[in-house]
$ cat coords_12.pdb   # PDB, C-alpha atoms
MODEL        1
ATOM      1  CA  ILE A   1      39.720  27.875-157.222
ATOM      2  CA  SER A   2      38.350  30.610-159.459
ATOM      3  CA  GLY A   3      41.619  32.517-159.811
ATOM      4  CA  GLU A   4      39.749  35.829-159.950
ATOM      5  CA  GLY A   5      41.812  37.268-157.114
ATOM      6  CA  PHE A   6      45.286  36.743-155.714
ATOM      7  CA  GLY A   7      45.321  34.910-152.375
ATOM      8  CA  GLY A   8      45.124  31.388-151.114
ATOM      9  CA  ILE A   9      43.358  28.789-149.049
ATOM     10  CA  SER A  10      45.393  27.584-146.085
ATOM     11  CA  THR A  11      45.308  24.808-143.548
ATOM     12  CA  GLN A  12      44.731  25.889-139.979
ATOM     13  CA  THR A  13      47.183  23.267-138.733
ATOM     14  CA  GLU A  14      50.962  23.286-139.212
ATOM     15  CA  TYR A  15      52.514  20.109-140.615
ATOM     16  CA  GLU A  16      55.994  18.614-140.490
ATOM     17  CA  ASN A  17      57.528  15.360-141.771
ATOM     18  CA  TYR A  18      54.743  14.559-144.222
ATOM     19  CA  HIS A  19      53.830  13.471-147.726
ATOM     20  CA  LEU A  20      51.295  15.735-149.459
ATOM     21  CA  ARG A  21      49.534  14.520-152.589
ATOM     22  CA  VAL A  22      47.259  16.799-154.611
ATOM     23  CA  GLU A  23      45.666  16.277-158.005
ATOM     24  CA  PHE A  24      44.988  19.343-160.132
ATOM     25  CA  LYS A  25      43.976  20.408-163.612
ATOM     26  CA  TRP A  26      43.519  23.792-165.218
ATOM     27  CA  GLY A  27      40.144  25.284-165.999
ATOM     28  CA  GLN A  28      39.436  27.625-168.899
ATOM     29  CA  GLN A  29      39.096  30.957-167.060
ATOM     30  CA  LYS A  30      42.006  33.410-166.852
ATOM     31  CA  PHE A  31      41.941  36.821-165.221
ATOM     32  CA  HIS A  32      44.092  39.957-165.155
ATOM     33  CA  PRO A  33      47.099  39.921-165.204
ATOM     34  CA  ARG A  34      47.089  36.357-166.579
ATOM     35  CA  LYS A  35      44.658  36.922-169.486
ATOM     36  CA  GLN A  36      47.402  36.593-172.129
ATOM     37  CA  ARG A  37      49.940  34.633-170.039
ATOM     38  CA  LYS A  38      50.474  31.132-168.680
ATOM     39  CA  ARG A  39      48.007  29.840-166.095
ATOM     40  CA  ASP A  40      49.615  30.160-162.656
ATOM     41  CA  SER A  41      49.128  28.871-159.122
ATOM     42  CA  GLY A  42      51.239  27.079-156.544
ATOM     43  CA  ILE A  43      51.339  24.885-153.492
ATOM     44  CA  LEU A  44      53.057  26.642-150.636
ATOM     45  CA  TYR A  45      54.428  24.551-147.800
ATOM     46  CA  HIS A  46      56.060  25.320-144.442
ATOM     47  CA  GLY A  47      53.879  28.464-144.433
ATOM     48  CA  VAL A  48      54.473  30.706-141.421
ATOM     49  CA  GLY A  49      53.827  34.259-140.283
ATOM     50  CA  PRO A  50      51.077  36.627-141.307
ATOM     51  CA  GLN A  51      48.883  36.153-144.344
ATOM     52  CA  GLY A  52      50.120  38.503-147.059
ATOM     53  CA  ALA A  53      53.795  38.486-146.013
ATOM     54  CA  GLY A  54      54.731  37.111-149.458
ATOM     55  CA  TYR A  55      54.092  39.620-152.253
ATOM     56  CA  GLY A  56      51.128  40.978-150.258
ATOM     57  CA  ASN A  57      49.131  37.779-150.853
ATOM     58  CA  TRP A  58      50.665  34.637-149.330
ATOM     59  CA  LEU A  59      52.373  33.163-146.288
ATOM     60  CA  ARG A  60      56.173  33.081-145.975
ATOM     61  CA  SER A  61      56.863  29.629-147.377
ATOM     62  CA  GLN A  62      58.576  27.356-149.867
ATOM     63  CA  GLU A  63      56.680  27.051-153.156
ATOM     64  CA  PHE A  64      56.066  24.086-155.414
ATOM     65  CA  GLN A  65      55.217  26.057-158.548
ATOM     66  CA  VAL A  66      52.028  25.058-160.359
ATOM     67  CA  GLN A  67      52.196  27.000-163.610
ATOM     68  CA  GLU A  68      51.677  25.803-167.172
ATOM     69  CA  GLY A  69      55.005  24.359-168.328
ATOM     70  CA  ASP A  70      56.692  25.057-164.977
ATOM     71  CA  CYS A  71      55.118  22.565-162.557
ATOM     72  CA  GLY A  72      57.604  21.541-159.908
ATOM     73  CA  ASP A  73      59.778  24.671-160.073
ATOM     74  CA  TYR A  74      60.859  26.202-156.766
ATOM     75  CA  TRP A  75      60.076  29.790-155.716
ATOM     76  CA  SER A  76      61.170  31.477-152.503
ATOM     77  CA  ILE A  77      58.343  33.378-150.815
ATOM     78  CA  ASP A  78      59.146  36.192-148.319
ATOM     79  CA  ASN A  79      62.519  35.507-146.678
ATOM     80  CA  SER A  80      62.424  31.741-147.197
ATOM     81  CA  MET A  81      65.639  30.030-148.291
ATOM     82  CA  VAL A  82      66.703  26.604-149.490
ATOM     83  CA  ASP A  83      69.735  24.937-151.119
ATOM     84  CA  ILE A  84      69.267  23.101-154.414
ATOM     85  CA  PRO A  85      71.785  21.311-156.655
ATOM     86  CA  ALA A  86      71.452  23.468-159.760
ATOM     87  CA  ALA A  87      73.297  24.220-162.986
ATOM     88  CA  GLU A  88      73.318  27.630-164.667
ATOM     89  CA  PRO A  89      73.036  26.899-168.417
ATOM     90  CA  GLU A  90      72.751  30.628-169.123
ATOM     91  CA  PRO A  91      73.285  33.637-166.860
ATOM     92  CA  GLY A  92      70.539  33.997-164.257
ATOM     93  CA  ARG A  93      68.718  30.781-165.283
ATOM     94  CA  TYR A  94      69.084  27.930-162.778
ATOM     95  CA  VAL A  95      67.964  24.372-163.508
ATOM     96  CA  TYR A  96      67.820  21.459-161.056
ATOM     97  CA  ASP A  97      70.699  19.027-161.656
ATOM     98  CA  SER A  98      71.185  16.285-159.061
ATOM     99  CA  THR A  99      74.912  16.129-159.945
ATOM    100  CA  ALA A 100      75.559  19.876-159.465
ATOM    101  CA  SER A 101      76.764  21.627-156.332
ATOM    102  CA  LEU A 102      74.254  23.012-153.886
ATOM    103  CA  ARG A 103      73.321  26.617-154.566
ATOM    104  CA  PRO A 104      71.319  28.844-152.175
ATOM    105  CA  PHE A 105      67.978  30.189-153.384
ATOM    106  CA  SER A 106      66.322  32.978-151.426
ATOM    107  CA  PHE A 107      63.744  35.711-151.665
ATOM    108  CA  ALA A 108      66.457  38.322-151.076
ATOM    109  CA  SER A 109      68.412  37.288-154.194
ATOM    110  CA  GLU A 110      67.862  39.187-157.442
ATOM    111  CA  SER A 111      68.312  36.136-159.688
ATOM    112  CA  GLU A 112      68.111  33.122-157.397
ATOM    113  CA  LYS A 113      64.507  33.185-156.176
ATOM    114  CA  ARG A 114      63.542  30.430-158.614
ATOM    115  CA  CYS A 115      64.983  27.083-159.661
ATOM    116  CA  ILE A 116      63.556  25.311-162.722
ATOM    117  CA  LYS A 117      62.515  21.684-162.333
ATOM    118  CA  ASN A 118      64.147  18.902-164.325
ATOM    119  CA  PRO A 119      62.742  16.884-166.053
ATOM    120  CA  ASP A 120      59.438  18.257-167.320
ATOM    121  CA  ALA A 121      56.785  15.715-166.277
ATOM    122  CA  GLU A 122      53.632  17.839-166.512
ATOM    123  CA  ASN A 123      50.583  16.649-168.449
ATOM    124  CA  ALA A 124      48.973  18.879-171.082
ATOM    125  CA  SER A 125      46.717  21.698-169.925
ATOM    126  CA  GLY A 126      43.240  20.418-169.040
ATOM    127  CA  GLN A 127      44.495  16.955-167.977
ATOM    128  CA  TRP A 128      44.836  15.868-164.351
ATOM    129  CA  ASN A 129      48.315  16.054-162.812
ATOM    130  CA  VAL A 130      49.485  14.456-159.566
ATOM    131  CA  VAL A 131      51.728  16.520-157.292
ATOM    132  CA  ASP A 132      53.638  14.853-154.468
ATOM    133  CA  ILE A 133      55.646  16.857-151.953
ATOM    134  CA  TYR A 134      57.715  14.916-149.446
ATOM    135  CA  CYS A 135      59.013  16.849-146.436
ATOM    136  CA  PHE A 136      61.312  15.426-143.786
ATOM    137  CA  GLY A 137      63.247  17.692-141.455
ATOM    138  CA  ASN A 138      64.882  20.401-143.547
ATOM    139  CA  LYS A 139      64.633  18.463-146.833
ATOM    140  CA  SER A 140      61.853  18.223-149.405
ATOM    141  CA  ILE A 141      61.281  16.500-152.728
ATOM    142  CA  HIS A 142      59.095  17.784-155.577
ATOM    143  CA  VAL A 143      57.412  15.075-157.687
ATOM    144  CA  ILE A 144      55.050  15.567-160.627
ATOM    145  CA  ASN A 145      53.169  12.615-162.136
ATOM    146  CA  GLY A 146      55.473  10.124-160.420
ATOM    147  CA  LYS A 147      58.766  11.722-161.529
ATOM    148  CA  VAL A 148      61.162  13.401-159.103
ATOM    149  CA  VAL A 149      61.790  16.854-160.560
ATOM    150  CA  MET A 150      63.732  18.464-157.680
ATOM    151  CA  LYS A 151      65.350  17.760-154.301
ATOM    152  CA  LEU A 152      65.713  20.646-151.861
ATOM    153  CA  TYR A 153      67.946  20.895-148.786
ATOM    154  CA  ASN A 154      68.420  23.101-145.703
ATOM    155  CA  SER A 155      64.984  24.752-145.633
ATOM    156  CA  ARG A 156      65.230  27.944-143.611
ATOM    157  CA  HIS A 157      64.044  31.528-143.311
ATOM    158  CA  ILE A 158      65.200  34.812-141.859
ATOM    159  CA  VAL A 159      63.851  35.630-138.394
ATOM    160  CA  ASN A 160      65.136  38.762-136.646
ATOM    161  CA  GLY A 161      68.069  38.899-139.068
ATOM    162  CA  LYS A 162      69.153  35.267-138.469
ATOM    163  CA  GLU A 163      68.771  32.140-140.588
ATOM    164  CA  THR A 164      66.411  29.797-138.736
ATOM    165  CA  PRO A 165      65.248  26.292-139.768
ATOM    166  CA  LEU A 166      61.904  26.242-141.597
ATOM    167  CA  GLU A 167      60.783  22.646-141.172
ATOM    168  CA  LYS A 168      57.061  22.912-140.501
ATOM    169  CA  GLY A 169      54.134  25.174-141.231
ATOM    170  CA  LYS A 170      50.787  25.534-142.910
ATOM    171  CA  ILE A 171      50.002  24.406-146.439
ATOM    172  CA  GLN A 172      48.468  26.956-148.797
ATOM    173  CA  ILE A 173      47.094  26.605-152.322
ATOM    174  CA  GLN A 174      47.412  29.807-154.327
ATOM    175  CA  SER A 175      44.858  31.656-156.359
ATOM    176  CA  GLU A 176      46.841  33.580-158.946
ATOM    177  CA  GLY A 177      44.763  34.624-161.941
ATOM    178  CA  ALA A 178      43.729  31.231-163.360
ATOM    179  CA  GLU A 179      40.936  28.755-162.704
ATOM    180  CA  LEU A 180      42.246  25.577-161.040
ATOM    181  CA  PHE A 181      40.504  22.365-160.039
ATOM    182  CA  ILE A 182      41.801  20.383-157.054
ATOM    183  CA  ARG A 183      40.836  16.868-155.978
ATOM    184  CA  LYS A 184      42.098  14.010-153.812
ATOM    185  CA  VAL A 185      44.164  16.056-151.361
TER     186      VAL A 185
ENDMDL
END
$ encode --input "coords_12.pdb" --output "structure tokens"
Amino acid sequence: ISGEGFGGISTQTEYENYHLRVEFKWGQQKFHPRKQRKRDSGILYHGVGPQGAGYGNWLRSQEFQVQEGDCGDYWSIDNSMVDIPAAEPEPGRYVYDSTASLRPFSFASESEKRCIKNPDAENASGQWNVVDIYCFGNKSIHVINGKVVMKLYNSRHIVNGKETPLEKGKIQIQSEGAELFIRKV
């Protein structure tokens, strides 16, 4: 994936109750607006609706963040929602903590669109990393290089003003300003 533009490559088929494994490593190229910032991409799952619904570029979905230093984080994309056990070590910064209470994360929230993975299991830039995403019903698990970094519950989205389960959809790999190599999907 060159990263030159913002967009993504998507499956044509919707998936549910699956285990997705992807290996990735960063290339050298970075493009505006990432020239002086971290390399960024993501694996979007349970993707539904029109292309471009999320930030003008992606499907409405749940995101397994693939960004230097942040692999495994959660991002809400266009009206998607999920509950994650998370602590708030400082105001507006939420970190996965399996012993914490469930907290809702949603696109509509000012501060709770993202939850930071825990622990950090990412390999150094330029090395291959293995991403595993397990989805079953309304639950998912984010794994990086064999370590569980987040468990997510109650996957849903807003449809016609109502919360509706989001348990299946397309899979999309983002292009977001950085060269990315993918193998063994």
$ resolve_selection --input "coords_12.pdb" --expression "the PyMOL selection byres ((chain A and resi 168) around 10)" --output "PyMOL selection string"
chain A and resi 14-18+45-48+61+135-138+155+165-167+169-171
$ resolve_selection --input "coords_12.pdb" --expression "the PyMOL selection byres ((chain A and resi 23) around 9)" --output "list of chain:residue names"
A:Arg21, A:Val22, A:Phe24, A:Lys25, A:Trp128, A:Asn129, A:Val130, A:Val131, A:Asp132, A:Phe181, A:Ile182, A:Arg183, A:Lys184, A:Val185
$ resolve_selection --input "coords_12.pdb" --expression "the PyMOL selection byres ((chain A and resi 107-113) around 9)" --output "number ranges by chain"
A: 74-81, 92-94, 103-106, 114-115
$ residues_near_point --input "coords_12.pdb" --point "(51.0, 32.5, -144.3)" --cutoff "8 Å" --atoms "only C-alpha atoms" --output "PyMOL selection string"
chain A and resi 10+47-54+58-61+170+172
$ residues_around --input "coords_12.pdb" --residues "Leu152 of chain A" --least-positions-apart "5" --cutoff "7 Å" --atoms "only C-alpha atoms" --output "mmCIF file with C-alpha atoms, in the frame of the given file"
data_model
loop_
_atom_site.group_PDB
_atom_site.id
_atom_site.type_symbol
_atom_site.label_atom_id
_atom_site.label_comp_id
_atom_site.auth_asym_id
_atom_site.auth_seq_id
_atom_site.Cartn_x
_atom_site.Cartn_y
_atom_site.Cartn_z
ATOM 1 C CA VAL A 82 66.703 26.604 -149.490
ATOM 2 C CA ASP A 83 69.735 24.937 -151.119
ATOM 3 C CA ILE A 84 69.267 23.101 -154.414
ATOM 4 C CA LYS A 139 64.633 18.463 -146.833
ATOM 5 C CA SER A 140 61.853 18.223 -149.405
ATOM 6 C CA ILE A 141 61.281 16.500 -152.728
#
$ residues_around --input "coords_12.pdb" --residues "Ile9 of chain A" --least-positions-apart "2" --cutoff "10 Å" --atoms "all atoms listed in the file" --output "ChimeraX atom specification"
/A:1,7,11-12,43,58,171-175
$ write_last_selection --input "coords_12.pdb" --atoms "C-alpha atoms" --output "PDB file, in the coordinates of the input"
ATOM      1  CA  ILE A   1      39.720  27.875-157.222  1.00  0.00           C
ATOM      2  CA  GLY A   7      45.321  34.910-152.375  1.00  0.00           C
ATOM      3  CA  THR A  11      45.308  24.808-143.548  1.00  0.00           C
ATOM      4  CA  GLN A  12      44.731  25.889-139.979  1.00  0.00           C
ATOM      5  CA  ILE A  43      51.339  24.885-153.492  1.00  0.00           C
ATOM      6  CA  TRP A  58      50.665  34.637-149.330  1.00  0.00           C
ATOM      7  CA  ILE A 171      50.002  24.406-146.439  1.00  0.00           C
ATOM      8  CA  GLN A 172      48.468  26.956-148.797  1.00  0.00           C
ATOM      9  CA  ILE A 173      47.094  26.605-152.322  1.00  0.00           C
ATOM     10  CA  GLN A 174      47.412  29.807-154.327  1.00  0.00           C
ATOM     11  CA  SER A 175      44.858  31.656-156.359  1.00  0.00           C
TER      12      SER A 175
END
$ atom_distance --input "coords_12.pdb" --atom1 "atom CA of Val148 of chain A" --atom2 "atom CA of Gln127 of chain A"
19.2 Å
$ residues_around --input "coords_12.pdb" --residues "segment 26-36 of chain A" --least-positions-apart "3" --cutoff "8 Å" --atoms "all atoms listed in the file" --output "JSON list (two decimals) with C-alpha atoms, in the coordinates of the input"
[["chain", "number", "residue", "atom", "x", "y", "z"],
["A", 2, "SER", "CA", 38.35, 30.61, -159.46],
["A", 3, "GLY", "CA", 41.62, 32.52, -159.81],
["A", 4, "GLU", "CA", 39.75, 35.83, -159.95],
["A", 39, "ARG", "CA", 48.01, 29.84, -166.10],
["A", 40, "ASP", "CA", 49.62, 30.16, -162.66],
["A", 125, "SER", "CA", 46.72, 21.70, -169.92],
["A", 126, "GLY", "CA", 43.24, 20.42, -169.04],
["A", 127, "GLN", "CA", 44.50, 16.95, -167.98],
["A", 177, "GLY", "CA", 44.76, 34.62, -161.94],
["A", 178, "ALA", "CA", 43.73, 31.23, -163.36],
["A", 179, "GLU", "CA", 40.94, 28.76, -162.70],
["A", 180, "LEU", "CA", 42.25, 25.58, -161.04],
["A", 181, "PHE", "CA", 40.50, 22.36, -160.04]]
$ decode --input "coords_12.pdb" --residues "segment 136-155 of chain A" --atoms "N, CA, C and O atoms" --output "mmCIF file, in the first residue's frame"
data_model
loop_
_atom_site.group_PDB
_atom_site.id
_atom_site.type_symbol
_atom_site.label_atom_id
_atom_site.label_comp_id
_atom_site.auth_asym_id
_atom_site.auth_seq_id
_atom_site.Cartn_x
_atom_site.Cartn_y
_atom_site.Cartn_z
ATOM 1 N N PHE A 136 -16.387 -12.601 17.443
ATOM 2 C CA PHE A 136 -17.438 -13.585 17.694
ATOM 3 C C PHE A 136 -18.642 -12.846 18.254
ATOM 4 O O PHE A 136 -18.555 -12.247 19.333
ATOM 5 N N GLY A 137 -19.735 -12.861 17.506
ATOM 6 C CA GLY A 137 -20.916 -12.114 17.932
ATOM 7 C C GLY A 137 -20.566 -10.644 18.051
ATOM 8 O O GLY A 137 -19.985 -10.052 17.149
ATOM 9 N N ASN A 138 -20.877 -10.063 19.207
ATOM 10 C CA ASN A 138 -20.615 -8.631 19.405
ATOM 11 C C ASN A 138 -19.311 -8.356 20.135
ATOM 12 O O ASN A 138 -19.076 -7.255 20.604
ATOM 13 N N LYS A 139 -18.441 -9.370 20.228
ATOM 14 C CA LYS A 139 -17.157 -9.222 20.923
ATOM 15 C C LYS A 139 -16.008 -9.334 19.922
ATOM 16 O O LYS A 139 -16.115 -10.010 18.914
ATOM 17 N N SER A 140 -14.890 -8.689 20.260
ATOM 18 C CA SER A 140 -13.674 -8.853 19.463
ATOM 19 C C SER A 140 -12.457 -8.750 20.379
ATOM 20 O O SER A 140 -12.534 -8.193 21.477
ATOM 21 N N ILE A 141 -11.359 -9.303 19.904
ATOM 22 C CA ILE A 141 -10.103 -9.276 20.649
ATOM 23 C C ILE A 141 -9.014 -8.798 19.704
ATOM 24 O O ILE A 141 -8.897 -9.300 18.580
ATOM 25 N N HIS A 142 -8.218 -7.830 20.157
ATOM 26 C CA HIS A 142 -7.075 -7.325 19.396
ATOM 27 C C HIS A 142 -5.802 -7.975 19.945
ATOM 28 O O HIS A 142 -5.543 -7.905 21.155
ATOM 29 N N VAL A 143 -5.021 -8.576 19.056
ATOM 30 C CA VAL A 143 -3.771 -9.251 19.423
ATOM 31 C C VAL A 143 -2.673 -8.742 18.502
ATOM 32 O O VAL A 143 -2.868 -8.646 17.290
ATOM 33 N N ILE A 144 -1.515 -8.411 19.079
ATOM 34 C CA ILE A 144 -0.365 -8.017 18.267
ATOM 35 C C ILE A 144 0.828 -8.868 18.689
ATOM 36 O O ILE A 144 1.137 -8.963 19.878
ATOM 37 N N ASN A 145 1.424 -9.542 17.729
ATOM 38 C CA ASN A 145 2.582 -10.417 17.965
ATOM 39 C C ASN A 145 2.336 -11.401 19.100
ATOM 40 O O ASN A 145 3.185 -11.616 19.960
ATOM 41 N N GLY A 146 1.143 -11.996 19.109
ATOM 42 C CA GLY A 146 0.808 -13.039 20.070
ATOM 43 C C GLY A 146 0.347 -12.560 21.432
ATOM 44 O O GLY A 146 0.031 -13.370 22.292
ATOM 45 N N LYS A 147 0.281 -11.255 21.658
ATOM 46 C CA LYS A 147 -0.144 -10.723 22.961
ATOM 47 C C LYS A 147 -1.498 -10.041 22.839
ATOM 48 O O LYS A 147 -1.685 -9.157 21.994
ATOM 49 N N VAL A 148 -2.445 -10.439 23.694
ATOM 50 C CA VAL A 148 -3.740 -9.767 23.737
ATOM 51 C C VAL A 148 -3.512 -8.358 24.262
ATOM 52 O O VAL A 148 -2.944 -8.169 25.338
ATOM 53 N N VAL A 149 -3.952 -7.364 23.476
ATOM 54 C CA VAL A 149 -3.748 -5.970 23.875
ATOM 55 C C VAL A 149 -5.069 -5.246 24.146
ATOM 56 O O VAL A 149 -5.065 -4.127 24.661
ATOM 57 N N MET A 150 -6.212 -5.927 23.826
ATOM 58 C CA MET A 150 -7.512 -5.305 24.100
ATOM 59 C C MET A 150 -8.633 -6.303 23.837
ATOM 60 O O MET A 150 -8.563 -7.080 22.887
ATOM 61 N N LYS A 151 -9.660 -6.253 24.706
ATOM 62 C CA LYS A 151 -10.906 -6.995 24.493
ATOM 63 C C LYS A 151 -12.032 -5.981 24.413
ATOM 64 O O LYS A 151 -12.108 -5.073 25.240
ATOM 65 N N LEU A 152 -12.888 -6.155 23.398
ATOM 66 C CA LEU A 152 -13.960 -5.204 23.124
ATOM 67 C C LEU A 152 -15.303 -5.922 23.191
ATOM 68 O O LEU A 152 -15.411 -7.075 22.758
ATOM 69 N N TYR A 153 -16.324 -5.222 23.681
ATOM 70 C CA TYR A 153 -17.634 -5.823 23.911
ATOM 71 C C TYR A 153 -18.738 -4.952 23.312
ATOM 72 O O TYR A 153 -18.600 -3.743 23.184
ATOM 73 N N ASN A 154 -19.871 -5.586 23.002
ATOM 74 C CA ASN A 154 -21.094 -4.881 22.592
ATOM 75 C C ASN A 154 -20.890 -4.016 21.348
ATOM 76 O O ASN A 154 -21.287 -2.849 21.321
ATOM 77 N N SER A 155 -20.302 -4.570 20.311
ATOM 78 C CA SER A 155 -20.109 -3.844 19.058
ATOM 79 C C SER A 155 -21.467 -3.451 18.495
ATOM 80 O O SER A 155 -22.370 -4.270 18.366
#
